[in-house]
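Shown here: model.txt, compact mmCIF, C-alpha atoms.
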# COMPACT_ATOMS: atom_id res chain seq x y z
CA MET A 1 -14.46 -7.39 22.09
CA SER A 2 -11.35 -5.74 20.79
CA ASP A 3 -9.82 -9.18 20.22
CA GLU A 4 -12.78 -10.20 18.17
CA HIS A 5 -12.49 -6.98 16.22
CA SER A 6 -8.84 -7.55 15.36
CA HIS A 7 -9.59 -11.13 14.39
CA VAL A 8 -12.23 -10.00 11.94
CA ASP A 9 -9.85 -7.42 10.53
CA ASP A 10 -6.91 -9.76 10.20
CA THR A 11 -8.78 -12.37 8.25
CA ARG A 12 -9.74 -9.76 5.70
CA SER A 13 -7.75 -9.97 2.50
CA ALA A 14 -5.45 -7.18 1.40
CA GLY A 15 -6.68 -4.32 -0.69
CA GLN A 16 -10.14 -4.37 0.80
CA GLY A 17 -11.68 -2.41 3.58
CA HIS A 18 -9.71 0.63 4.45
CA GLY A 19 -7.97 1.22 1.19
CA HIS A 20 -4.56 0.76 2.84
CA ALA A 21 -1.98 -1.95 2.44
CA ALA A 22 0.49 -2.89 5.15
CA PRO A 23 4.12 -2.59 4.01
CA GLY A 24 5.36 -5.98 2.89
CA GLU A 25 1.86 -7.15 2.03
CA GLN A 26 1.09 -8.67 -1.34
CA GLU A 27 -1.91 -7.74 -3.44
CA ALA A 28 -5.04 -9.79 -2.99
CA ASP A 29 -4.82 -11.68 -6.28
CA ALA A 30 -1.19 -12.66 -5.59
CA LYS A 31 -2.18 -13.86 -2.12
CA ALA A 32 -4.80 -16.19 -3.53
CA ASN A 33 -2.45 -17.59 -6.18
CA VAL A 34 0.69 -19.37 -4.92
CA GLY A 35 2.27 -19.49 -8.37
CA LYS A 36 1.87 -15.76 -8.86
CA ALA A 37 3.16 -14.94 -5.36
CA VAL A 38 6.27 -17.10 -5.84
CA GLY A 39 6.68 -15.66 -9.34
CA ILE A 40 6.88 -12.12 -7.94
CA TYR A 41 9.72 -13.13 -5.59
CA ALA A 42 11.44 -15.10 -8.37
CA THR A 43 11.26 -12.06 -10.65
CA GLY A 44 12.78 -9.93 -7.92
CA LEU A 45 15.53 -12.48 -7.32
CA LEU A 46 16.33 -12.63 -11.05
CA LEU A 47 16.44 -8.83 -11.46
CA ALA A 48 18.49 -8.36 -8.27
CA GLY A 49 20.88 -11.09 -9.42
CA ILE A 50 21.37 -9.44 -12.80
CA LEU A 51 21.99 -6.03 -11.19
CA THR A 52 24.42 -7.52 -8.65
CA ALA A 53 26.34 -9.29 -11.41
CA ALA A 54 26.42 -6.06 -13.40
CA SER A 55 27.80 -4.19 -10.36
CA PHE A 56 30.62 -6.68 -9.79
CA TRP A 57 31.36 -6.72 -13.53
CA ALA A 58 31.43 -2.91 -13.72
CA ALA A 59 33.83 -2.71 -10.77
CA GLY A 60 36.19 -5.33 -12.17
CA SER A 61 36.29 -4.64 -15.90
CA HIS A 62 37.88 -1.80 -17.78
CA ALA A 63 35.07 -1.55 -20.30
CA ILE A 64 33.71 1.54 -18.54
CA PHE A 65 35.66 4.81 -18.50
CA GLY A 66 37.41 4.80 -15.12
CA PRO A 67 36.04 7.98 -13.51
CA ALA A 68 32.51 6.94 -14.55
CA VAL A 69 32.66 3.63 -12.64
CA PRO A 70 31.46 5.04 -9.26
CA ALA A 71 28.49 6.71 -10.96
CA ALA A 72 27.64 3.45 -12.72
CA LEU A 73 27.90 1.53 -9.43
CA ILE A 74 25.63 3.99 -7.61
CA ALA A 75 23.08 3.85 -10.43
CA LEU A 76 23.08 0.03 -10.30
CA ALA A 77 22.76 0.04 -6.50
CA VAL A 78 19.82 2.45 -6.57
CA ALA A 79 18.15 0.29 -9.22
CA GLN A 80 18.68 -2.82 -7.11
CA MET A 81 17.28 -1.15 -4.00
CA GLY A 82 14.24 -0.24 -6.09
CA VAL A 83 13.87 -3.88 -7.17
CA HIS A 84 14.07 -5.00 -3.53
CA LEU A 85 11.47 -2.42 -2.46
CA VAL A 86 9.00 -3.38 -5.19
CA PHE A 87 9.38 -7.16 -5.39
CA PHE A 88 10.37 -8.08 -1.80
CA LEU A 89 8.84 -5.33 0.34
CA HIS A 90 5.88 -4.78 -2.02
CA ILE A 91 6.06 -1.00 -1.78
CA THR A 92 4.13 0.07 -4.85
CA THR A 93 2.80 3.27 -6.36
CA GLY A 94 -0.78 2.14 -5.77
CA PRO A 95 -3.14 4.42 -3.85
CA ASP A 96 -3.36 1.88 -1.00
CA ASN A 97 0.39 2.37 -0.48
CA THR A 98 0.40 6.16 -0.15
CA ASN A 99 1.28 6.17 3.55
CA ASN A 100 4.15 3.70 3.06
CA VAL A 101 5.59 5.65 0.13
CA LEU A 102 5.34 8.98 1.97
CA ALA A 103 7.21 7.53 4.97
CA LEU A 104 9.82 6.10 2.61
CA ALA A 105 10.21 9.46 0.88
CA PHE A 106 10.81 11.16 4.22
CA GLY A 107 13.38 8.52 5.15
CA VAL A 108 15.19 8.98 1.83
CA LEU A 109 15.22 12.75 2.39
CA ILE A 110 16.85 12.42 5.82
CA VAL A 111 19.36 9.83 4.57
CA ALA A 112 20.30 12.14 1.68
CA LEU A 113 20.67 15.13 4.02
CA VAL A 114 22.94 13.18 6.39
CA LEU A 115 25.10 11.76 3.61
CA VAL A 116 25.43 14.82 1.37
CA GLY A 117 25.64 17.22 4.32
CA SER A 118 28.42 15.25 6.03
CA LEU A 119 30.47 14.85 2.87
CA TRP A 120 30.01 18.47 1.85
CA ILE A 121 30.91 19.95 5.24
CA MET A 122 33.82 17.62 5.91
CA ARG A 123 35.30 18.20 2.45
CA HIS A 124 35.25 21.98 2.99
CA LEU A 125 36.68 21.62 6.49
CA ASP A 126 39.44 19.37 5.18
CA HIS A 127 40.16 21.81 2.36
CA ASN A 128 40.28 24.88 4.62
CA LEU A 129 42.32 23.37 7.44
CA MET A 130 46.05 23.90 7.44
CA PRO A 131 48.02 20.67 6.91
CA MET A 132 49.14 19.12 10.18
CA SER A 133 52.84 19.49 9.31
CA SER A 134 52.59 23.27 8.95
CA VAL A 135 50.73 23.49 12.26
CA MET A 136 53.68 21.68 13.85
CA ASP A 137 56.12 24.05 12.17
CA MET A 138 54.30 27.11 13.52
CA GLN A 139 54.40 25.75 17.06
CA ARG A 140 58.18 25.52 17.09
CA MET B 141 -17.00 -0.46 15.43
CA SER B 142 -19.92 -1.76 13.40
CA ALA B 143 -19.12 0.84 10.74
CA ALA B 144 -15.54 -0.46 10.58
CA THR B 145 -16.43 -4.11 10.21
CA ASP B 146 -19.36 -3.54 7.90
CA ALA B 147 -17.45 -1.22 5.60
CA PRO B 148 -16.03 -3.80 3.18
CA SER B 149 -19.26 -5.70 2.77
CA ALA B 150 -21.35 -2.60 2.22
CA PRO B 151 -22.82 -2.68 -1.29
CA THR B 152 -21.49 -0.10 -3.70
CA ARG B 153 -23.97 2.55 -4.59
CA GLY B 154 -26.01 2.00 -7.73
CA ASP B 155 -25.44 -0.50 -10.49
CA ARG B 156 -23.08 1.54 -12.60
CA PRO B 157 -20.62 -0.71 -14.49
CA GLU B 158 -17.63 1.33 -13.24
CA GLY B 159 -18.71 0.64 -9.66
CA ARG B 160 -16.35 -2.30 -9.23
CA HIS B 161 -13.96 -2.14 -12.13
CA GLY B 162 -13.70 1.61 -12.49
CA ASP B 163 -12.52 1.99 -8.89
CA PRO B 164 -10.50 -1.12 -8.05
CA ASN B 165 -8.56 0.62 -5.29
CA ARG B 166 -11.67 2.03 -3.67
CA LEU B 167 -10.48 5.61 -3.97
CA GLY B 168 -14.10 6.59 -3.46
CA HIS B 169 -14.10 4.33 -0.37
CA GLY B 170 -17.43 2.81 -1.34
CA THR B 171 -20.46 4.31 0.31
CA VAL B 172 -18.82 4.84 3.71
CA PRO B 173 -17.00 8.16 4.09
CA ILE B 174 -13.38 7.85 5.22
CA SER B 175 -14.16 9.56 8.54
CA GLU B 176 -16.70 6.85 9.36
CA GLN B 177 -14.51 3.82 8.65
CA GLY B 178 -12.94 3.57 12.08
CA PRO B 179 -9.29 2.82 12.81
CA ALA B 180 -7.20 0.81 10.36
CA PRO B 181 -6.85 -2.90 11.15
CA LYS B 182 -4.15 -3.79 13.66
CA ARG B 183 -2.31 -5.78 10.96
CA ILE B 184 -1.79 -2.54 9.00
CA VAL B 185 -1.01 -0.33 12.01
CA VAL B 186 1.64 -2.74 13.33
CA ALA B 187 3.37 -3.21 9.97
CA TYR B 188 3.29 0.54 9.32
CA GLY B 189 4.85 1.26 12.71
CA PHE B 190 7.57 -1.28 12.00
CA TRP B 191 8.14 0.31 8.60
CA ILE B 192 8.74 3.64 10.37
CA PHE B 193 11.26 1.90 12.66
CA LEU B 194 13.05 0.42 9.66
CA LEU B 195 13.29 3.84 8.03
CA SER B 196 14.78 5.23 11.25
CA ASP B 197 17.25 2.33 11.13
CA PHE B 198 18.17 3.42 7.59
CA VAL B 199 18.78 6.93 8.95
CA MET B 200 21.08 5.48 11.63
CA PHE B 201 22.98 3.52 8.96
CA SER B 202 23.31 6.70 6.90
CA GLY B 203 25.34 8.14 9.80
CA PHE B 204 27.72 5.16 9.65
CA PHE B 205 27.89 5.45 5.86
CA ALA B 206 28.67 9.17 6.12
CA ALA B 207 31.42 8.50 8.68
CA TYR B 208 32.90 5.82 6.42
CA ALA B 209 32.76 8.03 3.34
CA VAL B 210 34.48 10.89 5.20
CA LEU B 211 37.19 8.65 6.66
CA VAL B 212 37.82 6.36 3.70
CA GLY B 213 41.04 8.17 2.85
CA ALA B 214 42.33 8.40 6.45
CA THR B 215 44.43 5.23 6.32
CA ALA B 216 47.29 6.58 8.50
CA GLY B 217 49.83 4.78 6.33
CA GLY B 218 47.97 1.51 6.82
CA PRO B 219 46.24 -0.67 4.23
CA THR B 220 43.63 0.82 1.90
CA GLY B 221 40.43 -0.85 0.79
CA ALA B 222 42.10 -2.08 -2.39
CA ASP B 223 44.71 -3.86 -0.22
CA VAL B 224 42.37 -5.73 2.12
CA PHE B 225 39.03 -6.36 0.36
CA GLU B 226 38.49 -9.78 -1.22
CA LEU B 227 35.77 -9.41 -3.85
CA PRO B 228 35.11 -13.18 -4.35
CA LEU B 229 34.24 -13.43 -0.64
CA VAL B 230 31.99 -10.37 -0.91
CA ALA B 231 30.28 -11.88 -3.98
CA ALA B 232 29.62 -15.08 -2.00
CA GLU B 233 28.18 -13.03 0.90
CA THR B 234 25.95 -11.12 -1.52
CA VAL B 235 24.61 -14.31 -3.12
CA LEU B 236 23.95 -15.88 0.31
CA LEU B 237 22.06 -12.85 1.59
CA LEU B 238 20.05 -12.43 -1.62
CA LEU B 239 18.99 -16.09 -1.60
CA SER B 240 18.19 -15.75 2.10
CA SER B 241 15.91 -12.81 1.32
CA PHE B 242 14.23 -14.89 -1.41
CA ALA B 243 13.70 -17.81 0.98
CA CYS B 244 12.20 -15.37 3.50
CA GLY B 245 9.77 -14.25 0.79
CA LEU B 246 8.78 -17.88 0.19
CA ALA B 247 8.18 -18.25 3.94
CA GLY B 248 5.79 -15.30 3.61
CA VAL B 249 3.95 -17.08 0.79
CA ALA B 250 3.73 -20.23 2.95
CA THR B 251 2.36 -18.08 5.79
CA VAL B 252 -0.40 -16.70 3.57
CA GLN B 253 -1.26 -20.29 2.56
CA ARG B 254 -1.13 -21.35 6.27
CA SER B 255 1.29 -24.15 5.41
CA THR B 256 3.29 -24.85 8.57
CA ARG B 257 5.59 -27.36 6.88
CA TRP B 258 6.62 -25.10 4.00
CA PHE B 259 6.95 -22.16 6.40
CA GLN B 260 9.41 -24.12 8.54
CA VAL B 261 11.33 -25.34 5.47
CA ALA B 262 11.61 -21.84 3.99
CA MET B 263 12.55 -20.27 7.33
CA ALA B 264 15.19 -22.96 7.90
CA ALA B 265 16.65 -22.18 4.47
CA THR B 266 16.60 -18.46 5.35
CA ALA B 267 18.44 -19.21 8.59
CA VAL B 268 21.09 -21.44 6.97
CA LEU B 269 21.81 -18.89 4.22
CA GLY B 270 21.91 -16.05 6.75
CA ALA B 271 24.26 -18.02 9.00
CA GLY B 272 26.47 -18.68 5.96
CA PHE B 273 26.63 -14.93 5.35
CA LEU B 274 27.60 -14.31 8.97
CA ALA B 275 30.28 -17.01 8.82
CA CYS B 276 31.84 -15.32 5.76
CA GLU B 277 31.81 -11.98 7.56
CA LEU B 278 33.34 -13.43 10.73
CA TYR B 279 36.07 -15.09 8.63
CA GLU B 280 36.78 -11.74 6.95
CA PHE B 281 36.94 -9.88 10.28
CA THR B 282 39.22 -12.40 12.00
CA HIS B 283 41.39 -12.56 8.88
CA LEU B 284 41.78 -8.77 8.82
CA ILE B 285 42.51 -8.52 12.54
CA GLY B 286 45.04 -11.37 12.21
CA GLU B 287 46.81 -9.41 9.48
CA GLY B 288 47.13 -6.41 11.77
CA ALA B 289 44.35 -4.54 9.93
CA GLY B 290 42.00 -4.40 12.91
CA PRO B 291 39.71 -1.53 13.84
CA GLY B 292 42.53 0.15 15.80
CA ARG B 293 44.88 0.44 12.82
CA SER B 294 43.41 3.55 11.18
CA ALA B 295 40.32 5.74 11.07
CA PHE B 296 39.42 4.10 7.77
CA LEU B 297 39.42 0.64 9.36
CA SER B 298 37.51 1.89 12.44
CA ALA B 299 34.77 3.23 10.19
CA PHE B 300 34.83 0.04 8.10
CA PHE B 301 34.45 -2.27 11.11
CA ALA B 302 31.74 -0.04 12.63
CA LEU B 303 29.67 0.05 9.44
CA VAL B 304 29.99 -3.59 8.36
CA GLY B 305 29.88 -4.78 11.97
CA CYS B 306 26.65 -2.85 12.58
CA HIS B 307 25.07 -4.65 9.64
CA GLY B 308 26.43 -7.95 10.98
CA VAL B 309 24.87 -7.27 14.39
CA HIS B 310 21.54 -6.66 12.67
CA VAL B 311 21.84 -9.98 10.82
CA THR B 312 22.66 -11.73 14.12
CA ILE B 313 19.59 -10.23 15.78
CA GLY B 314 17.56 -11.24 12.72
CA LEU B 315 18.76 -14.84 13.04
CA ILE B 316 17.72 -14.95 16.70
CA TRP B 317 14.33 -13.46 15.80
CA LEU B 318 13.99 -15.95 12.93
CA THR B 319 14.49 -19.02 15.12
CA THR B 320 12.10 -17.52 17.68
CA MET B 321 9.45 -17.19 14.97
CA MET B 322 9.96 -20.83 13.89
CA ALA B 323 9.46 -21.91 17.50
CA GLN B 324 6.41 -19.68 17.95
CA VAL B 325 4.72 -21.02 14.83
CA ARG B 326 5.49 -24.55 16.01
CA ALA B 327 4.07 -23.91 19.47
CA LYS B 328 1.20 -21.53 18.76
CA GLY B 329 0.37 -21.89 15.07
CA PHE B 330 -0.62 -19.03 12.76
CA ARG B 331 -2.41 -16.91 15.37
CA ASP B 332 -3.12 -13.28 14.50
CA ASP B 333 -0.36 -11.95 16.74
CA ILE B 334 2.12 -14.49 15.34
CA LEU B 335 1.17 -13.45 11.81
CA ARG B 336 1.95 -9.81 12.65
CA ARG B 337 5.35 -10.80 14.05
CA ILE B 338 6.14 -12.83 10.92
CA ALA B 339 5.20 -9.82 8.77
CA CYS B 340 7.52 -7.55 10.78
CA PHE B 341 10.35 -10.08 10.63
CA SER B 342 10.17 -10.41 6.86
CA LEU B 343 10.22 -6.61 6.54
CA PHE B 344 13.31 -6.54 8.76
CA TRP B 345 15.10 -9.27 6.80
CA HIS B 346 14.39 -7.68 3.40
CA ALA B 347 15.52 -4.29 4.74
CA LEU B 348 18.86 -5.80 5.79
CA ASP B 349 19.38 -6.92 2.21
CA ILE B 350 18.75 -3.36 1.02
CA ILE B 351 21.41 -2.10 3.45
CA TRP B 352 23.80 -4.75 2.14
CA VAL B 353 23.29 -3.54 -1.45
CA ALA B 354 24.41 -0.05 -0.38
CA LEU B 355 27.22 -1.60 1.66
CA PHE B 356 28.81 -3.83 -0.97
CA THR B 357 28.56 -1.03 -3.52
CA VAL B 358 29.96 1.84 -1.46
CA VAL B 359 32.45 -0.06 0.69
CA TYR B 360 33.66 -3.06 -1.28
CA LEU B 361 33.19 -2.33 -4.99
CA MET B 362 34.22 1.33 -4.82
CA GLY B 363 36.97 0.57 -2.31
CA ALA B 364 38.47 -2.36 -4.16
CA GLY B 365 38.47 -0.45 -7.44
CA GLY B 366 41.25 1.68 -6.03
CA ALA B 367 39.19 4.73 -6.93
Would you put the structure from the file into structure tokens?
Amino acid sequence: MSDEHSHVDDTRSAGQGHGHAAPGEQEADAKANVGKAVGIYATGLLLAGILTAASFWAAGSHAIFGPAVPAALIALAVAQMGVHLVFFLHITTGPDNTNNVLALAFGVLIVALVLVGSLWIMRHLDHNLMPMSSVMDMQR
Amino acid sequence: MSAATDAPSAPTRGDRPEGRHGDPNRLGHGTVPISEQGPAPKRIVVAYGFWIFLLSDFVMFSGFFAAYAVLVGATAGGPTGADVFELPLVAAETVLLLLSSFACGLAGVATVQRSTRWFQVAMAATAVLGAGFLACELYEFTHLIGEGAGPGRSAFLSAFFALVGCHGVHVTIGLIWLTTMMAQVRAKGFRDDILRRIACFSLFWHALDIIWVALFTVVYLMGAGGA
């Protein structure tokens, strides 16, 4: 009986029924239309390609003020991750995606805490520690 | 159970014109209250659970990224990133992995259309491109170790090999999973459980590409810039 149930559920098209979409699942109209479904991936590939090319260009050229290059690279990377999430993983802002977006937001929060926290703490530790050579001098 | 299966076919209340078009995402959940709709379909529960796993994988990678960022200057007199990174090779890796992700997306489209032939073609392309990426990475690693810039040379290189190697291990596992899925579709067809596994695999493969975007930006582009 439970097998039959899951079979009925799985043949149901996306966006109907429970008002939820599985992560990675396309919208119903894109599912029915091969051209549209492929077009979504092609759009994502094009945008990601442009952003990648821009990243490599920004790192190699001197057109951007030197100290601003890392900021530009991070901005481009965040944009490209967004493109991947929307066009490849189909995480959208639609109401059927609320659970997926909330989980993603929590993940981003933890990632940010780990990254910023580590860098912050280690920079202060590094700054406050005595250089190794003076430690050696004191031990003589 | 009958409430769950009948929910989508239940007629919307009344004949108001906004019944269908005014609520395309069924925020009002039709006539069945949300508490009476039963559990979500297995397809959604499985993919959501795998999404949670992927996010926890991102959190694990953030630890490796943090270690790398802290140790990037600890070269112990050895080579820096600007000395050892070859950007043309990294660009080739990026293109291979991006195209691989695209091919994986096409395999997903073929799955929705239940086209076994196109699924196998797209998955084979995904595998070849992914293997090409791994080959580039293996070449880079052996080249570095041959030059005496192995993971034991400095804390910077330890963190580098751990971070990039961890991503490479993920790609290797993905390749094994990928070939398993090709075999399963060949042997069992597009059964419901196979469809769920394909959905999880494509999530995994696209997520690896997201990690690689962070990786080539933070490690290679920022490192090679001599910043």
Where is the centre and how long are the edges: axis-aligned box on segment 179-189 of chain B, 8 Å on each side, Å to one decimal, as AutoDock Vina command-line options:
--center_x -2.2 --center_y -1.5 --center_z 11.3 --size_x 30.1 --size_y 24.6 --size_z 20.7
For chain B against chain A, which residues fall within 6 Å using all atoms listed in the file, given as a PDB file with C-alpha atoms, in the frame of the given file?
ATOM      1  CA  PRO B 148     -16.030  -3.800   3.180  1.00  0.00           C
ATOM      2  CA  PRO B 181      -6.850  -2.900  11.150  1.00  0.00           C
ATOM      3  CA  ILE B 184      -1.790  -2.540   9.000  1.00  0.00           C
ATOM      4  CA  ALA B 187       3.370  -3.210   9.970  1.00  0.00           C
ATOM      5  CA  LEU B 195      13.290   3.840   8.030  1.00  0.00           C
ATOM      6  CA  VAL B 199      18.780   6.930   8.950  1.00  0.00           C
ATOM      7  CA  SER B 202      23.310   6.700   6.900  1.00  0.00           C
ATOM      8  CA  ALA B 206      28.670   9.170   6.120  1.00  0.00           C
ATOM      9  CA  ILE B 350      18.750  -3.360   1.020  1.00  0.00           C
ATOM     10  CA  LEU B 361      33.190  -2.330  -4.990  1.00  0.00           C
TER      11      LEU B 361
END
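Coordinates place atom CA of Cys276 of chain B at a distance of 6.5 Å from atom CA of Glu233 of chain B.
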Legend entry - d(atom CA of Leu355 of chain B, atom CA of Leu227 of chain B) in Å: 12.8 Å
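Note that the spacing between atom CA of Ala207 of chain B and atom CA of Ala299 of chain B amounts to 6.4 Å.
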Inset, instruction - Would you list the residues near (39.6, -5.0, -3.2) (no more than 10 Å away, in the coordinates of the file, using all atoms listed in the file) as a PyMOL selection string? - result: (chain A and resi 59-60) or (chain B and resi 220-228+230+359-366)
Legend entry - Spatial neighbours of Val304 of chain B, 12 Å, all atoms listed in the file, chain gap at least 2 places, as a PyMOL selection string: chain B and resi 201+204-205+208+230+274+277-278+280-281+291+297-302+306-311+348+351-356+358-360
Generate the output file for the selected residues, C-alpha atoms, as a short mmCIF file (atom, residue, chain, number, x, y, z; two decimals), in the coordinates of the input.
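selection.cif written:
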data_model
loop_
_atom_site.label_atom_id
_atom_site.label_comp_id
_atom_site.auth_asym_id
_atom_site.auth_seq_id
_atom_site.Cartn_x
_atom_site.Cartn_y
_atom_site.Cartn_z
CA PHE B 201 22.98 3.52 8.96
CA PHE B 204 27.72 5.16 9.65
CA PHE B 205 27.89 5.45 5.86
CA TYR B 208 32.90 5.82 6.42
CA VAL B 230 31.99 -10.37 -0.91
CA LEU B 274 27.60 -14.31 8.97
CA GLU B 277 31.81 -11.98 7.56
CA LEU B 278 33.34 -13.43 10.73
CA GLU B 280 36.78 -11.74 6.95
CA PHE B 281 36.94 -9.88 10.28
CA PRO B 291 39.71 -1.53 13.84
CA LEU B 297 39.42 0.64 9.36
CA SER B 298 37.51 1.89 12.44
CA ALA B 299 34.77 3.23 10.19
CA PHE B 300 34.83 0.04 8.10
CA PHE B 301 34.45 -2.27 11.11
CA ALA B 302 31.74 -0.04 12.63
CA CYS B 306 26.65 -2.85 12.58
CA HIS B 307 25.07 -4.65 9.64
CA GLY B 308 26.43 -7.95 10.98
CA VAL B 309 24.87 -7.27 14.39
CA HIS B 310 21.54 -6.66 12.67
CA VAL B 311 21.84 -9.98 10.82
CA LEU B 348 18.86 -5.80 5.79
CA ILE B 351 21.41 -2.10 3.45
CA TRP B 352 23.80 -4.75 2.14
CA VAL B 353 23.29 -3.54 -1.45
CA ALA B 354 24.41 -0.05 -0.38
CA LEU B 355 27.22 -1.60 1.66
CA PHE B 356 28.81 -3.83 -0.97
CA VAL B 358 29.96 1.84 -1.46
CA VAL B 359 32.45 -0.06 0.69
CA TYR B 360 33.66 -3.06 -1.28
#
Rebuild segment 275-297 of chain B to N, CA and C atoms - output it as a PDB file, in the frame of the given file, please.
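Now in out05.pdb:
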ATOM      1  N   ALA B 275      29.011 -16.279   8.724  1.00  0.00           N
ATOM      2  CA  ALA B 275      30.280 -17.010   8.820  1.00  0.00           C
ATOM      3  C   ALA B 275      31.323 -16.362   7.911  1.00  0.00           C
ATOM      4  N   CYS B 276      30.917 -15.995   6.682  1.00  0.00           N
ATOM      5  CA  CYS B 276      31.840 -15.320   5.760  1.00  0.00           C
ATOM      6  C   CYS B 276      32.353 -14.019   6.388  1.00  0.00           C
ATOM      7  N   GLU B 277      31.420 -13.271   7.003  1.00  0.00           N
ATOM      8  CA  GLU B 277      31.810 -11.980   7.560  1.00  0.00           C
ATOM      9  C   GLU B 277      32.754 -12.166   8.750  1.00  0.00           C
ATOM     10  N   LEU B 278      32.458 -13.162   9.597  1.00  0.00           N
ATOM     11  CA  LEU B 278      33.340 -13.430  10.730  1.00  0.00           C
ATOM     12  C   LEU B 278      34.732 -13.839  10.245  1.00  0.00           C
ATOM     13  N   TYR B 279      34.773 -14.682   9.190  1.00  0.00           N
ATOM     14  CA  TYR B 279      36.070 -15.090   8.630  1.00  0.00           C
ATOM     15  C   TYR B 279      36.831 -13.854   8.175  1.00  0.00           C
ATOM     16  N   GLU B 280      36.119 -12.944   7.460  1.00  0.00           N
ATOM     17  CA  GLU B 280      36.780 -11.740   6.950  1.00  0.00           C
ATOM     18  C   GLU B 280      37.335 -10.901   8.102  1.00  0.00           C
ATOM     19  N   PHE B 281      36.512 -10.719   9.152  1.00  0.00           N
ATOM     20  CA  PHE B 281      36.940  -9.880  10.280  1.00  0.00           C
ATOM     21  C   PHE B 281      38.152 -10.476  10.989  1.00  0.00           C
ATOM     22  N   THR B 282      38.085 -11.785  11.291  1.00  0.00           N
ATOM     23  CA  THR B 282      39.220 -12.400  12.000  1.00  0.00           C
ATOM     24  C   THR B 282      40.461 -12.377  11.126  1.00  0.00           C
ATOM     25  N   HIS B 283      40.265 -12.592   9.814  1.00  0.00           N
ATOM     26  CA  HIS B 283      41.390 -12.560   8.880  1.00  0.00           C
ATOM     27  C   HIS B 283      42.059 -11.191   8.891  1.00  0.00           C
ATOM     28  N   LEU B 284      41.237 -10.135   8.835  1.00  0.00           N
ATOM     29  CA  LEU B 284      41.780  -8.770   8.820  1.00  0.00           C
ATOM     30  C   LEU B 284      42.513  -8.463  10.126  1.00  0.00           C
ATOM     31  N   ILE B 285      41.883  -8.816  11.250  1.00  0.00           N
ATOM     32  CA  ILE B 285      42.510  -8.520  12.540  1.00  0.00           C
ATOM     33  C   ILE B 285      43.810  -9.295  12.670  1.00  0.00           C
ATOM     34  N   GLY B 286      43.824 -10.555  12.160  1.00  0.00           N
ATOM     35  CA  GLY B 286      45.040 -11.370  12.210  1.00  0.00           C
ATOM     36  C   GLY B 286      46.160 -10.753  11.395  1.00  0.00           C
ATOM     37  N   GLU B 287      45.802 -10.051  10.327  1.00  0.00           N
ATOM     38  CA  GLU B 287      46.810  -9.410   9.480  1.00  0.00           C
ATOM     39  C   GLU B 287      47.279  -8.088  10.048  1.00  0.00           C
ATOM     40  N   GLY B 288      46.757  -7.701  11.199  1.00  0.00           N
ATOM     41  CA  GLY B 288      47.130  -6.410  11.770  1.00  0.00           C
ATOM     42  C   GLY B 288      46.307  -5.259  11.211  1.00  0.00           C
ATOM     43  N   ALA B 289      45.218  -5.589  10.480  1.00  0.00           N
ATOM     44  CA  ALA B 289      44.350  -4.540   9.930  1.00  0.00           C
ATOM     45  C   ALA B 289      43.055  -4.499  10.726  1.00  0.00           C
ATOM     46  N   GLY B 290      43.175  -4.449  12.047  1.00  0.00           N
ATOM     47  CA  GLY B 290      42.000  -4.400  12.910  1.00  0.00           C
ATOM     48  C   GLY B 290      41.423  -2.997  12.986  1.00  0.00           C
ATOM     49  N   PRO B 291      40.358  -2.838  13.753  1.00  0.00           N
ATOM     50  CA  PRO B 291      39.710  -1.530  13.840  1.00  0.00           C
ATOM     51  C   PRO B 291      40.596  -0.454  14.468  1.00  0.00           C
ATOM     52  N   GLY B 292      41.656  -0.844  15.176  1.00  0.00           N
ATOM     53  CA  GLY B 292      42.530   0.150  15.800  1.00  0.00           C
ATOM     54  C   GLY B 292      43.626   0.659  14.886  1.00  0.00           C
ATOM     55  N   ARG B 293      43.741   0.085  13.680  1.00  0.00           N
ATOM     56  CA  ARG B 293      44.880   0.440  12.820  1.00  0.00           C
ATOM     57  C   ARG B 293      44.756   1.856  12.257  1.00  0.00           C
ATOM     58  N   SER B 294      43.584   2.221  11.773  1.00  0.00           N
ATOM     59  CA  SER B 294      43.410   3.550  11.180  1.00  0.00           C
ATOM     60  C   SER B 294      41.958   3.966  11.278  1.00  0.00           C
ATOM     61  N   ALA B 295      41.704   5.262  11.038  1.00  0.00           N
ATOM     62  CA  ALA B 295      40.320   5.740  11.070  1.00  0.00           C
ATOM     63  C   ALA B 295      39.493   5.064   9.992  1.00  0.00           C
ATOM     64  N   PHE B 296      40.131   4.806   8.842  1.00  0.00           N
ATOM     65  CA  PHE B 296      39.420   4.100   7.770  1.00  0.00           C
ATOM     66  C   PHE B 296      38.927   2.737   8.263  1.00  0.00           C
ATOM     67  N   LEU B 297      39.816   1.974   8.915  1.00  0.00           N
ATOM     68  CA  LEU B 297      39.420   0.640   9.360  1.00  0.00           C
ATOM     69  C   LEU B 297      38.423   0.701  10.512  1.00  0.00           C
TER      70      LEU B 297
END
